[in-house]
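So this block is query_29.tsv, TSV, C-alpha atoms and all ligand atoms:
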```tsv
chain	number	residue	atom	x	y	z
A	1	MET	CA	-62.73	-163.97	26.92
A	2	LYS	CA	-66.22	-163.72	25.54
A	3	VAL	CA	-66.98	-160.55	23.63
A	4	ILE	CA	-70.51	-159.25	23.41
A	5	GLN	CA	-71.48	-157.16	20.44
A	6	VAL	CA	-74.61	-155.06	20.25
A	7	ARG	CA	-75.67	-152.14	18.11
A	8	CYS	CA	-76.25	-148.59	19.22
A	9	PRO	CA	-79.99	-147.82	19.26
A	10	HIS	CA	-79.26	-144.29	18.05
A	11	CYS	CA	-76.70	-144.62	15.22
A	12	ASN	CA	-76.49	-148.41	14.72
A	13	ASN	CA	-72.73	-148.40	15.38
A	14	PRO	CA	-71.48	-151.77	16.68
A	15	ILE	CA	-70.48	-151.70	20.35
A	16	MET	CA	-68.08	-154.34	21.61
A	17	MET	CA	-67.98	-155.24	25.28
A	18	LYS	CA	-65.48	-157.58	26.89
A	19	GLN	CA	-66.99	-157.43	30.35
A	20	LYS	CA	-70.43	-158.17	31.72
A	21	ASP	CA	-71.87	-154.70	31.98
A	22	LEU	CA	-75.46	-153.46	31.95
A	23	LEU	CA	-74.43	-150.15	30.40
A	24	PHE	CA	-73.33	-149.89	26.78
A	25	LEU	CA	-71.66	-146.70	25.55
A	26	CYS	CA	-71.43	-145.90	21.84
A	27	ASP	CA	-68.00	-144.52	20.89
A	28	ASN	CA	-69.50	-142.95	17.79
A	29	CYS	CA	-72.45	-140.88	19.05
A	30	LYS	CA	-71.90	-141.18	22.83
A	31	THR	CA	-75.35	-142.64	23.45
A	32	MET	CA	-75.52	-144.87	26.52
A	33	HIS	CA	-78.11	-147.57	26.74
A	34	VAL	CA	-79.13	-150.40	28.98
A	35	ARG	CA	-80.44	-153.81	27.89
A	36	ASP	CA	-82.89	-155.33	30.29
A	37	GLY	CA	-85.26	-157.19	28.07
A	38	GLY	CA	-85.76	-154.04	26.03
A	39	VAL	CA	-83.38	-151.30	25.01
A	40	THR	CA	-83.48	-148.06	27.01
A	41	VAL	CA	-81.33	-144.99	26.46
A	42	VAL	CA	-79.82	-143.75	29.73
A	43	ASP	CA	-78.77	-140.23	30.71
A	44	TYR	CA	-75.24	-140.23	32.04
A	45	GLU	CA	-72.39	-138.03	33.20
A	46	ILE	CA	-68.65	-138.65	33.45
A	47	GLY	CA	-66.82	-136.70	36.14
A	48	ASP	CA	-63.30	-135.54	35.39
A	49	PHE	CA	-60.41	-136.23	37.74
A	50	GLY	CA	-59.49	-133.24	39.85
A	51	ARG	CA	-56.10	-131.57	39.66
A	52	GLY	CA	-55.46	-132.50	43.27
A	53	ALA	CA	-56.37	-136.15	42.80
A	54	PRO	CA	-53.99	-138.49	44.61
A	55	GLN	CA	-51.46	-140.56	42.67
A	56	GLY	CA	-52.34	-144.13	41.86
A	57	ASP	CA	-54.28	-146.33	39.48
A	58	ARG	CA	-57.31	-144.54	38.12
A	59	VAL	CA	-60.69	-146.11	37.60
A	60	TYR	CA	-64.22	-144.93	36.86
A	61	VAL	CA	-66.94	-146.21	39.15
A	62	PRO	CA	-70.58	-146.20	38.01
A	63	PHE	CA	-73.32	-144.88	40.29
A	64	TRP	CA	-77.03	-144.40	39.89
A	65	ARG	CA	-77.74	-140.87	40.99
A	66	LEU	CA	-81.36	-140.77	42.05
A	67	TYR	CA	-83.13	-137.45	42.23
A	68	CYS	CA	-85.75	-138.03	44.90
A	69	SER	CA	-88.63	-136.25	46.55
A	70	PHE	CA	-88.36	-136.94	50.23
A	71	ASN	CA	-90.95	-136.34	52.89
A	72	ILE	CA	-90.66	-137.04	56.58
A	73	ASN	CA	-94.13	-137.67	57.92
A	74	ASN	CA	-93.29	-138.40	61.51
A	75	VAL	CA	-90.17	-138.95	63.55
A	76	ARG	CA	-89.76	-140.02	67.14
A	77	VAL	CA	-86.30	-139.25	68.49
A	78	GLU	CA	-84.71	-139.65	71.86
A	79	GLY	CA	-81.39	-138.52	73.20
A	80	GLY	CA	-80.70	-135.68	70.84
A	81	SER	CA	-82.15	-133.00	68.70
A	82	LEU	CA	-79.83	-133.40	65.77
A	83	PHE	CA	-81.59	-135.09	62.99
A	84	LYS	CA	-79.35	-135.72	60.06
A	85	LEU	CA	-82.06	-136.07	57.46
A	86	SER	CA	-83.58	-132.72	58.33
A	87	ASN	CA	-80.26	-131.05	57.63
A	88	TRP	CA	-79.84	-133.08	54.56
A	89	VAL	CA	-83.20	-132.42	52.96
A	90	LYS	CA	-83.20	-129.05	51.26
A	91	GLY	CA	-86.21	-126.80	51.08
A	92	GLY	CA	-89.63	-127.16	52.60
A	93	ALA	CA	-90.02	-126.76	56.33
A	94	GLY	CA	-87.10	-129.05	57.07
A	95	SER	CA	-89.17	-132.16	56.62
A	96	SER	CA	-89.61	-132.39	52.90
A	97	GLY	CA	-87.68	-131.56	49.79
A	98	ALA	CA	-85.49	-132.94	47.08
A	99	ILE	CA	-82.33	-135.00	47.55
A	100	PHE	CA	-79.77	-136.80	45.46
A	101	ILE	CA	-79.04	-140.34	46.54
A	102	PHE	CA	-75.95	-142.06	45.11
A	103	ILE	CA	-76.16	-145.83	44.69
A	104	PRO	CA	-72.94	-147.66	43.74
A	105	ALA	CA	-73.84	-149.64	40.62
A	106	SER	CA	-70.88	-152.01	40.54
A	107	ASP	CA	-70.42	-155.22	42.46
A	108	PHE	CA	-69.06	-154.20	45.87
A	109	ASP	CA	-68.86	-155.88	49.24
A	110	PRO	CA	-71.50	-154.53	51.67
A	111	ALA	CA	-69.03	-152.36	53.64
A	112	THR	CA	-67.71	-150.64	50.51
A	113	PHE	CA	-71.20	-150.20	49.13
A	114	LYS	CA	-72.33	-148.54	52.34
A	115	ARG	CA	-69.24	-146.34	52.64
A	116	LEU	CA	-69.50	-145.02	49.08
A	117	ALA	CA	-73.27	-144.52	49.17
A	118	ILE	CA	-73.22	-142.57	52.43
A	119	MET	CA	-70.11	-140.55	51.58
A	120	LEU	CA	-71.54	-139.30	48.27
A	121	THR	CA	-75.13	-138.86	49.42
A	122	THR	CA	-74.04	-136.87	52.47
A	123	MET	CA	-71.58	-134.74	50.49
A	124	PRO	CA	-72.62	-134.68	46.81
A	125	PRO	CA	-69.41	-134.46	44.76
A	126	LYS	CA	-68.60	-131.43	42.63
A	127	TYR	CA	-66.82	-132.24	39.40
A	128	ALA	CA	-66.30	-131.03	35.86
A	129	SER	CA	-68.02	-133.22	33.29
A	130	ARG	CA	-66.26	-134.75	30.34
A	131	THR	CA	-67.56	-136.59	27.29
A	132	ASP	CA	-65.34	-139.68	27.33
A	133	PHE	CA	-63.40	-141.88	29.73
A	134	ASN	CA	-59.98	-140.72	28.52
A	135	ASN	CA	-58.98	-144.39	28.14
A	136	ILE	CA	-59.30	-144.94	31.87
A	137	PRO	CA	-60.90	-148.31	32.69
A	138	ARG	CA	-64.38	-148.35	34.12
A	139	LEU	CA	-65.95	-150.84	36.47
A	140	PRO	CA	-68.93	-152.70	35.05
A	141	ALA	CA	-72.40	-151.70	36.18
A	142	THR	CA	-74.19	-154.72	37.59
A	143	MET	CA	-77.11	-153.06	39.36
A	144	SER	CA	-80.17	-152.00	37.40
A	145	LYS	CA	-81.92	-148.69	37.81
A	146	GLY	CA	-84.87	-150.45	39.43
A	147	GLU	CA	-82.68	-152.20	42.00
A	148	ALA	CA	-81.01	-148.87	42.75
A	149	GLY	CA	-84.41	-147.36	43.57
A	150	GLN	CA	-84.97	-150.06	46.15
A	151	MET	CA	-81.50	-149.56	47.63
A	152	ALA	CA	-82.32	-145.87	48.18
A	153	HIS	CA	-84.37	-146.91	51.19
A	154	PHE	CA	-81.43	-148.84	52.60
A	155	VAL	CA	-79.27	-145.70	52.31
A	156	VAL	CA	-81.85	-143.48	54.05
A	157	ILE	CA	-82.23	-145.86	56.97
A	158	THR	CA	-78.49	-146.50	57.24
A	159	MET	CA	-77.68	-142.80	57.34
A	160	GLU	CA	-79.85	-142.34	60.41
A	161	ALA	CA	-78.71	-145.57	62.02
A	162	GLU	CA	-75.18	-144.11	62.12
A	163	LYS	CA	-76.31	-142.39	65.31
A	164	PRO	CA	-77.42	-145.29	67.48
A	165	GLY	CA	-79.93	-144.55	70.20
A	166	ILE	CA	-81.14	-141.32	68.68
A	167	LEU	CA	-83.50	-142.43	66.00
A	168	GLN	CA	-86.37	-144.49	67.28
A	169	ASP	CA	-88.79	-144.43	64.47
A	170	ILE	CA	-89.19	-142.72	61.18
A	171	ASP	CA	-92.14	-142.57	58.86
A	172	TYR	CA	-91.18	-141.19	55.51
A	173	SER	CA	-91.95	-141.36	51.84
A	174	LEU	CA	-89.46	-141.38	49.03
A	175	LYS	CA	-90.16	-141.00	45.34
A	176	VAL	CA	-87.51	-141.37	42.66
A	177	ASN	CA	-88.17	-138.70	40.04
A	178	ASP	CA	-85.13	-139.22	37.87
A	179	ALA	CA	-82.16	-141.56	37.66
A	180	ARG	CA	-78.98	-141.12	35.73
A	181	ALA	CA	-75.74	-143.03	35.50
A	182	VAL	CA	-72.85	-141.02	36.92
A	183	TYR	CA	-69.29	-142.24	36.50
A	184	LEU	CA	-67.05	-140.82	39.20
A	185	PRO	CA	-63.24	-140.79	39.22
A	186	PHE	CA	-61.51	-142.93	41.82
A	187	ILE	CA	-58.00	-144.02	42.76
A	188	THR	CA	-57.42	-147.59	43.82
A	189	SER	CA	-55.32	-147.84	46.96
A	190	PRO	CA	-54.54	-150.50	49.56
A	191	GLN	CA	-57.07	-148.75	51.81
A	192	GLY	CA	-59.77	-149.05	49.16
A	193	LEU	CA	-61.23	-146.66	46.64
A	194	ILE	CA	-60.41	-142.96	47.10
A	195	LEU	CA	-62.41	-140.26	45.33
A	196	GLY	CA	-60.21	-138.66	42.67
A	197	LEU	CA	-61.56	-135.12	42.89
A	201	ZN	ZN	-74.27	-144.47	18.55
```

As structure tokens, what does this structure read like?
Amino acid sequence: MKVIQVRCPHCNNPIMMKQKDLLFLCDNCKTMHVRDGGVTVVDYEIGDFGRGAPQGDRVYVPFWRLYCSFNINNVRVEGGSLFKLSNWVKGGAGSSGAIFIFIPASDFDPATFKRLAIMLTTMPPKYASRTDFNNIPRLPATMSKGEAGQMAHFVVITMEAEKPGILQDIDYSLKVNDARAVYLPFITSPQGLILGL
């Protein structure tokens, strides 16, 4: 297996990586950085497993958590008055506000990507933070922050498309104000990944 070695941009500690991962974490000073031509330090969080987490193999899954300003300019709906995004967007007059969008950053099949993105964006997870991975393996991050920003639009449209026939047209604007890497605890099961909170 090929091992990549880089140096921490903060403390110069060598970081060894056995997998292809965009995110490098320094064991010494806990700085996380990404290498995409340049070297950029990344804000991150690690969520602890909950006491009621199901039994099974534990794994940390990386997400980009995008803090977005969202504004619905115009919506044409038919067949119902329930508009998921209006409930979802906090603040404003129900048509604008701030939202967190969770983008799975690892390499998933489209169905898993969609399931995880919508589950976490609809119900933002509550977790206690910790400062290390407690020797639990983590999936490699393969999606860049920039790609995640583009996928945010896919998530917005997909959330509304879950109610076929209701949404006809939506004119909105979305601005990503902040992005951080969030590692969330999961259990691997035959049914797929289960949130370990
Ligand atoms: Zn360091």

Environment of ligand ZN 201 (chain A) within 12 Å, counting only C-alpha atoms and all ligand atoms, reported as a short mmCIF file (atom, residue, chain, number, x, y, z; two decimals) with C-alpha atoms, in the coordinates of the input:
```
data_model
loop_
_atom_site.label_atom_id
_atom_site.label_comp_id
_atom_site.auth_asym_id
_atom_site.auth_seq_id
_atom_site.Cartn_x
_atom_site.Cartn_y
_atom_site.Cartn_z
CA VAL A 6 -74.61 -155.06 20.25
CA ARG A 7 -75.67 -152.14 18.11
CA CYS A 8 -76.25 -148.59 19.22
CA PRO A 9 -79.99 -147.82 19.26
CA HIS A 10 -79.26 -144.29 18.05
CA CYS A 11 -76.70 -144.62 15.22
CA ASN A 12 -76.49 -148.41 14.72
CA ASN A 13 -72.73 -148.40 15.38
CA PRO A 14 -71.48 -151.77 16.68
CA ILE A 15 -70.48 -151.70 20.35
CA PHE A 24 -73.33 -149.89 26.78
CA LEU A 25 -71.66 -146.70 25.55
CA CYS A 26 -71.43 -145.90 21.84
CA ASP A 27 -68.00 -144.52 20.89
CA ASN A 28 -69.50 -142.95 17.79
CA CYS A 29 -72.45 -140.88 19.05
CA LYS A 30 -71.90 -141.18 22.83
CA THR A 31 -75.35 -142.64 23.45
CA MET A 32 -75.52 -144.87 26.52
CA HIS A 33 -78.11 -147.57 26.74
CA VAL A 41 -81.33 -144.99 26.46
#
```

Write out as an mmCIF file with C-alpha atoms, in the frame of the given file which residues come within 7 Å of stretch 103-113 of chain A when counting only C-alpha atoms, dropping same-chain ones fewer than 3 positions away.
```
data_model
loop_
_atom_site.group_PDB
_atom_site.id
_atom_site.type_symbol
_atom_site.label_atom_id
_atom_site.label_comp_id
_atom_site.auth_asym_id
_atom_site.auth_seq_id
_atom_site.Cartn_x
_atom_site.Cartn_y
_atom_site.Cartn_z
ATOM 1 C CA PRO A 62 -70.580 -146.200 38.010
ATOM 2 C CA PHE A 63 -73.320 -144.880 40.290
ATOM 3 C CA TRP A 64 -77.030 -144.400 39.890
ATOM 4 C CA ARG A 65 -77.740 -140.870 40.990
ATOM 5 C CA LEU A 116 -69.500 -145.020 49.080
ATOM 6 C CA ALA A 117 -73.270 -144.520 49.170
ATOM 7 C CA LEU A 139 -65.950 -150.840 36.470
ATOM 8 C CA PRO A 140 -68.930 -152.700 35.050
ATOM 9 C CA ALA A 141 -72.400 -151.700 36.180
ATOM 10 C CA THR A 142 -74.190 -154.720 37.590
ATOM 11 C CA MET A 143 -77.110 -153.060 39.360
ATOM 12 C CA ALA A 148 -81.010 -148.870 42.750
#
```

Problem set entry | Separation of atom CA of A:Gly50 from atom CA of A:Ala179, in Å and rounded to one decimal |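 Here the two named atoms are 24.2 Å from each other.
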
Exercise. Between A:Gly56, A:Val3, A:Leu23, A:Tyr67, which has the minimum distance to A:Val42 (counting all atoms listed in the file)?
Worked result: A:Leu23

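Rounded to one decimal, atom CA of A:Lys18 and atom CA of A:Ile136 lie 14.9 Å from each other.
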
Exercise. What separation in Å, quoted to one decimal, exists between atom CA of A:Val156 and atom CA of A:Leu174?
Worked result: 9.4 Å

Exercise. Quick one: residues within 12 Å of A:Met119, only C-alpha atoms counted, chain neighbours fewer than 4 positions away excluded, as a list in words?
Worked result: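 What passes the distance filter is Ile101, Phe102, Ile103, Pro104, Thr112, Phe113, Lys114, Arg115, Met123, Pro124, Pro125, Val155, Thr158, Met159, Leu193, Ile194 and Leu195 of chain A.
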
For this session: Rank A:Ala181, A:Ala128, A:Ala98, A:Val61 by their smallest atom-to-atom distance to A:Phe49, using all atoms listed in the file, and report the top residue only.
Result: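 Smallest distance to A:Phe49 is found for A:Ala128.
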
Around the point (-93.6, -138.2, 52.1) in the file's coordinates, collect all residues with an atom within 8 Å, using all atoms listed in the file, and return them as a PDB file with C-alpha atoms, in the coordinates of the input.
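This is the output file result.pdb:
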```
ATOM      1  CA  SER A  69     -88.630-136.250  46.550  1.00  0.00           C
ATOM      2  CA  PHE A  70     -88.360-136.940  50.230  1.00  0.00           C
ATOM      3  CA  ASN A  71     -90.950-136.340  52.890  1.00  0.00           C
ATOM      4  CA  ILE A  72     -90.660-137.040  56.580  1.00  0.00           C
ATOM      5  CA  ASN A  73     -94.130-137.670  57.920  1.00  0.00           C
ATOM      6  CA  SER A  96     -89.610-132.390  52.900  1.00  0.00           C
ATOM      7  CA  TYR A 172     -91.180-141.190  55.510  1.00  0.00           C
ATOM      8  CA  SER A 173     -91.950-141.360  51.840  1.00  0.00           C
ATOM      9  CA  LEU A 174     -89.460-141.380  49.030  1.00  0.00           C
TER      10      LEU A 174
END
```

For this session: Go through A:Val39, A:Val182, A:Met16, A:Leu197 and flag the residue nearest A:Gln55, using all atoms listed in the file for the distances.
Result: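 Selected residue with least distance to A:Gln55: A:Leu197.
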
With N, CA and C atoms as the target, complete stretch 103-119 of chain A and hand it back as a CSV table (one decimal), in the frame of the given file.
```
chain,number,residue,atom,x,y,z
A,103,ILE,N,-76.2,-144.4,44.5
A,103,ILE,CA,-76.2,-145.8,44.7
A,103,ILE,C,-75.0,-146.4,43.9
A,104,PRO,N,-74.0,-147.0,44.5
A,104,PRO,CA,-72.9,-147.7,43.7
A,104,PRO,C,-73.5,-148.8,42.8
A,105,ALA,N,-73.2,-148.7,41.6
A,105,ALA,CA,-73.8,-149.6,40.6
A,105,ALA,C,-73.0,-150.8,40.3
A,106,SER,N,-71.8,-150.9,40.8
A,106,SER,CA,-70.9,-152.0,40.5
A,106,SER,C,-71.0,-153.0,41.7
A,107,ASP,N,-70.3,-154.1,41.5
A,107,ASP,CA,-70.4,-155.2,42.5
A,107,ASP,C,-69.4,-155.0,43.6
A,108,PHE,N,-69.9,-154.5,44.7
A,108,PHE,CA,-69.1,-154.2,45.9
A,108,PHE,C,-69.5,-155.1,47.1
A,109,ASP,N,-68.5,-155.3,48.0
A,109,ASP,CA,-68.9,-155.9,49.2
A,109,ASP,C,-69.7,-154.9,50.0
A,110,PRO,N,-70.5,-155.4,51.0
A,110,PRO,CA,-71.5,-154.5,51.7
A,110,PRO,C,-70.9,-153.3,52.4
A,111,ALA,N,-69.7,-153.5,52.9
A,111,ALA,CA,-69.0,-152.4,53.6
A,111,ALA,C,-68.6,-151.3,52.7
A,112,THR,N,-68.1,-151.6,51.5
A,112,THR,CA,-67.7,-150.6,50.5
A,112,THR,C,-68.9,-150.0,49.9
A,113,PHE,N,-69.9,-150.8,49.6
A,113,PHE,CA,-71.2,-150.2,49.1
A,113,PHE,C,-71.7,-149.1,50.1
A,114,LYS,N,-71.8,-149.5,51.3
A,114,LYS,CA,-72.3,-148.5,52.3
A,114,LYS,C,-71.5,-147.3,52.5
A,115,ARG,N,-70.1,-147.5,52.5
A,115,ARG,CA,-69.2,-146.3,52.6
A,115,ARG,C,-69.4,-145.4,51.5
A,116,LEU,N,-69.4,-145.9,50.3
A,116,LEU,CA,-69.5,-145.0,49.1
A,116,LEU,C,-70.9,-144.3,49.0
A,117,ALA,N,-71.9,-145.1,49.3
A,117,ALA,CA,-73.3,-144.5,49.2
A,117,ALA,C,-73.4,-143.4,50.2
A,118,ILE,N,-73.0,-143.6,51.4
A,118,ILE,CA,-73.2,-142.6,52.4
A,118,ILE,C,-72.3,-141.4,52.2
A,119,MET,N,-71.0,-141.6,51.8
A,119,MET,CA,-70.1,-140.6,51.6
A,119,MET,C,-70.7,-139.6,50.5
```
